[in-house]
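Following: one structure in structure tokens, then a few remarks.
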Amino acid sequence: MKIIDLTIPLGIATPPGHLRALQVKYFKRLAPNGANGQVVTHSNHLGTHLDGEIHFFTAGKDIAQLNMDYLVHEAAVVDLSDAVGDYDVYTSKMVEDRVEVKEGDILVIHTGYHHFGWDMPTADEIRYMVKHPGGS
């Protein structure tokens, strides 16, 4: 099985999500004993993340209660980058015309909009965060 890592780099320029940007404050910097220390503050909606059920209802599962098969599993990967643009909607038919999706597959939809991410030479945060295509 090939593992696909979908994480994006995390840093002070990562788009802040709902509440606040990542903050890094040093409380010990260039210490003579060879150690430094930081306090890192961020919202739970920063960068690549997964919301557990408990985020939406009190009795739900937290991330530690998720079975790893939920996160690491066979996948169907479809490239729709030549078929979608700003604000476009992709459909299940568009996906199924290009790739076989089996029961239980994790579906990875490539739209090409990662090229507009904050960490790319072609960065355009409005296109990345607002104008990206989405599913019907």
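Please note that chains go A, B, ... in the order of the structure tokens, that every chain numbers its residues from 1, and that ligands are numbered from 1 in the order shown.
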Per-residue nearest contacts of segment 73-106 of chain A to segment 111-125 of chain A (8 Å; only C-alpha atoms) as JSON lines:
{"residue": "A:Asp79", "atom": "CA", "partner": "A:Thr111", "partner_atom": "CA", "distance": 6.4}
{"residue": "A:Leu80", "atom": "CA", "partner": "A:Thr111", "partner_atom": "CA", "distance": 5.2}
{"residue": "A:Ser81", "atom": "CA", "partner": "A:Thr111", "partner_atom": "CA", "distance": 4.2}
{"residue": "A:Asp82", "atom": "CA", "partner": "A:Thr111", "partner_atom": "CA", "distance": 7.9}
{"residue": "A:Val84", "atom": "CA", "partner": "A:Thr111", "partner_atom": "CA", "distance": 6.7}
Keeping only all heavy atoms, write the selected residues as a compact mmCIF listing (two decimals), in the first residue's frame.
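File part09.txt, as written:
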# COMPACT_ATOMS: atom_id res chain seq x y z
N ASP A 79 -8.17 12.68 -10.24
CA ASP A 79 -7.63 13.99 -10.65
C ASP A 79 -8.70 14.72 -11.45
O ASP A 79 -9.02 14.34 -12.57
CB ASP A 79 -6.37 13.79 -11.48
CG ASP A 79 -5.69 15.10 -11.86
OD1 ASP A 79 -6.29 16.19 -11.64
OD2 ASP A 79 -4.55 15.05 -12.36
N LEU A 80 -9.26 15.77 -10.86
CA LEU A 80 -10.26 16.60 -11.53
C LEU A 80 -9.70 17.97 -11.88
O LEU A 80 -10.44 18.87 -12.26
CB LEU A 80 -11.50 16.77 -10.64
CG LEU A 80 -12.30 15.52 -10.30
CD1 LEU A 80 -13.45 15.87 -9.37
CD2 LEU A 80 -12.80 14.83 -11.55
N SER A 81 -8.38 18.12 -11.79
CA SER A 81 -7.77 19.44 -11.96
C SER A 81 -8.01 20.04 -13.35
O SER A 81 -8.02 21.26 -13.48
CB SER A 81 -6.27 19.38 -11.67
OG SER A 81 -5.61 18.49 -12.55
N ASP A 82 -8.24 19.20 -14.35
CA ASP A 82 -8.50 19.72 -15.69
C ASP A 82 -9.99 19.98 -15.93
O ASP A 82 -10.38 20.46 -16.98
CB ASP A 82 -7.98 18.74 -16.75
CG ASP A 82 -8.70 17.40 -16.73
OD1 ASP A 82 -9.31 17.05 -15.69
OD2 ASP A 82 -8.64 16.69 -17.75
N VAL A 84 -12.15 21.41 -13.25
CA VAL A 84 -12.74 22.35 -12.29
C VAL A 84 -11.93 23.63 -12.20
O VAL A 84 -10.73 23.65 -12.46
CB VAL A 84 -12.88 21.72 -10.88
CG1 VAL A 84 -13.88 20.58 -10.87
CG2 VAL A 84 -11.53 21.26 -10.35
Report as number ranges by chain all protein, DNA and RNA residues lying within 9 Å of Val72 of chain A, evaluated on only C-alpha atoms, omitting residues in the same chain fewer than 4 positions from it. A: 3, 68, 106
Any idea what's packed within 12 Å of segment 24-26 of chain A, counting only C-alpha atoms, ignoring anything in its chain fewer than 5 positions away? Could you give it as a list in words?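 So the residues in contact are Leu10, Gly11, Ile12, Ala13, Ala31, Ala35, Asn36, Gly37, Gln38, Val39, Val40, Thr41 and His42 of chain A.
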I'd like the neighbourhood of Leu71 of chain A as a list in words, where a residue qualifies if any of its atoms comes within 10 Å (using only C-alpha atoms), though same-chain residues fewer than 4 positions away should be ignored.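 Answer for this query is Leu50, Leu66, Asn67 and Ile106 of chain A.
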Serialized selection, N, CA, C and O atoms, as a PDB file, in the first residue's frame:
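Result file is again10.pdb:
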ATOM      1  N   LEU A  50      -8.300  17.140  11.847  1.00  0.00           N
ATOM      2  CA  LEU A  50      -9.497  16.317  11.762  1.00  0.00           C
ATOM      3  C   LEU A  50     -10.332  16.612  12.993  1.00  0.00           C
ATOM      4  O   LEU A  50      -9.818  16.569  14.114  1.00  0.00           O
ATOM      5  N   LEU A  66     -10.788   6.992  17.542  1.00  0.00           N
ATOM      6  CA  LEU A  66     -10.984   6.585  16.148  1.00  0.00           C
ATOM      7  C   LEU A  66     -10.104   5.385  15.822  1.00  0.00           C
ATOM      8  O   LEU A  66      -8.938   5.336  16.208  1.00  0.00           O
ATOM      9  N   ASN A  67     -10.662   4.435  15.106  1.00  0.00           N
ATOM     10  CA  ASN A  67      -9.905   3.291  14.631  1.00  0.00           C
ATOM     11  C   ASN A  67      -8.970   3.761  13.511  1.00  0.00           C
ATOM     12  O   ASN A  67      -9.364   4.553  12.654  1.00  0.00           O
ATOM     13  N   ILE A 106     -11.408   5.464   0.928  1.00  0.00           N
ATOM     14  CA  ILE A 106     -11.217   6.882   1.212  1.00  0.00           C
ATOM     15  C   ILE A 106     -11.094   7.553  -0.151  1.00  0.00           C
ATOM     16  O   ILE A 106     -10.354   7.087  -1.010  1.00  0.00           O
TER      17      ILE A 106
END
Can you measure atom CA of Leu107 of chain A to atom CA of Asp88 of chain A for me? One decimal in Å is fine. 18.4 Å
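Considering only chain A, backbone DSSP assigns alpha helix (DSSP H) to Met68, Asp69, Tyr70, Leu71, Ser92, Lys93, Met94, Val95, Glu96, Glu125 and Ile126 of chain A.
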Based on DSSP run over this structure's backbone, return all residues of chain A in strand (DSSP E or B), as an MDAnalysis selection string. chainID A and resid 23:28 37:41 75:79 89:90 106:110 134:135
One decimal, Å: what's the distance from atom CA of Ala76 of chain A over to atom CA of Met1 of chain A, could you say? 12.3 Å
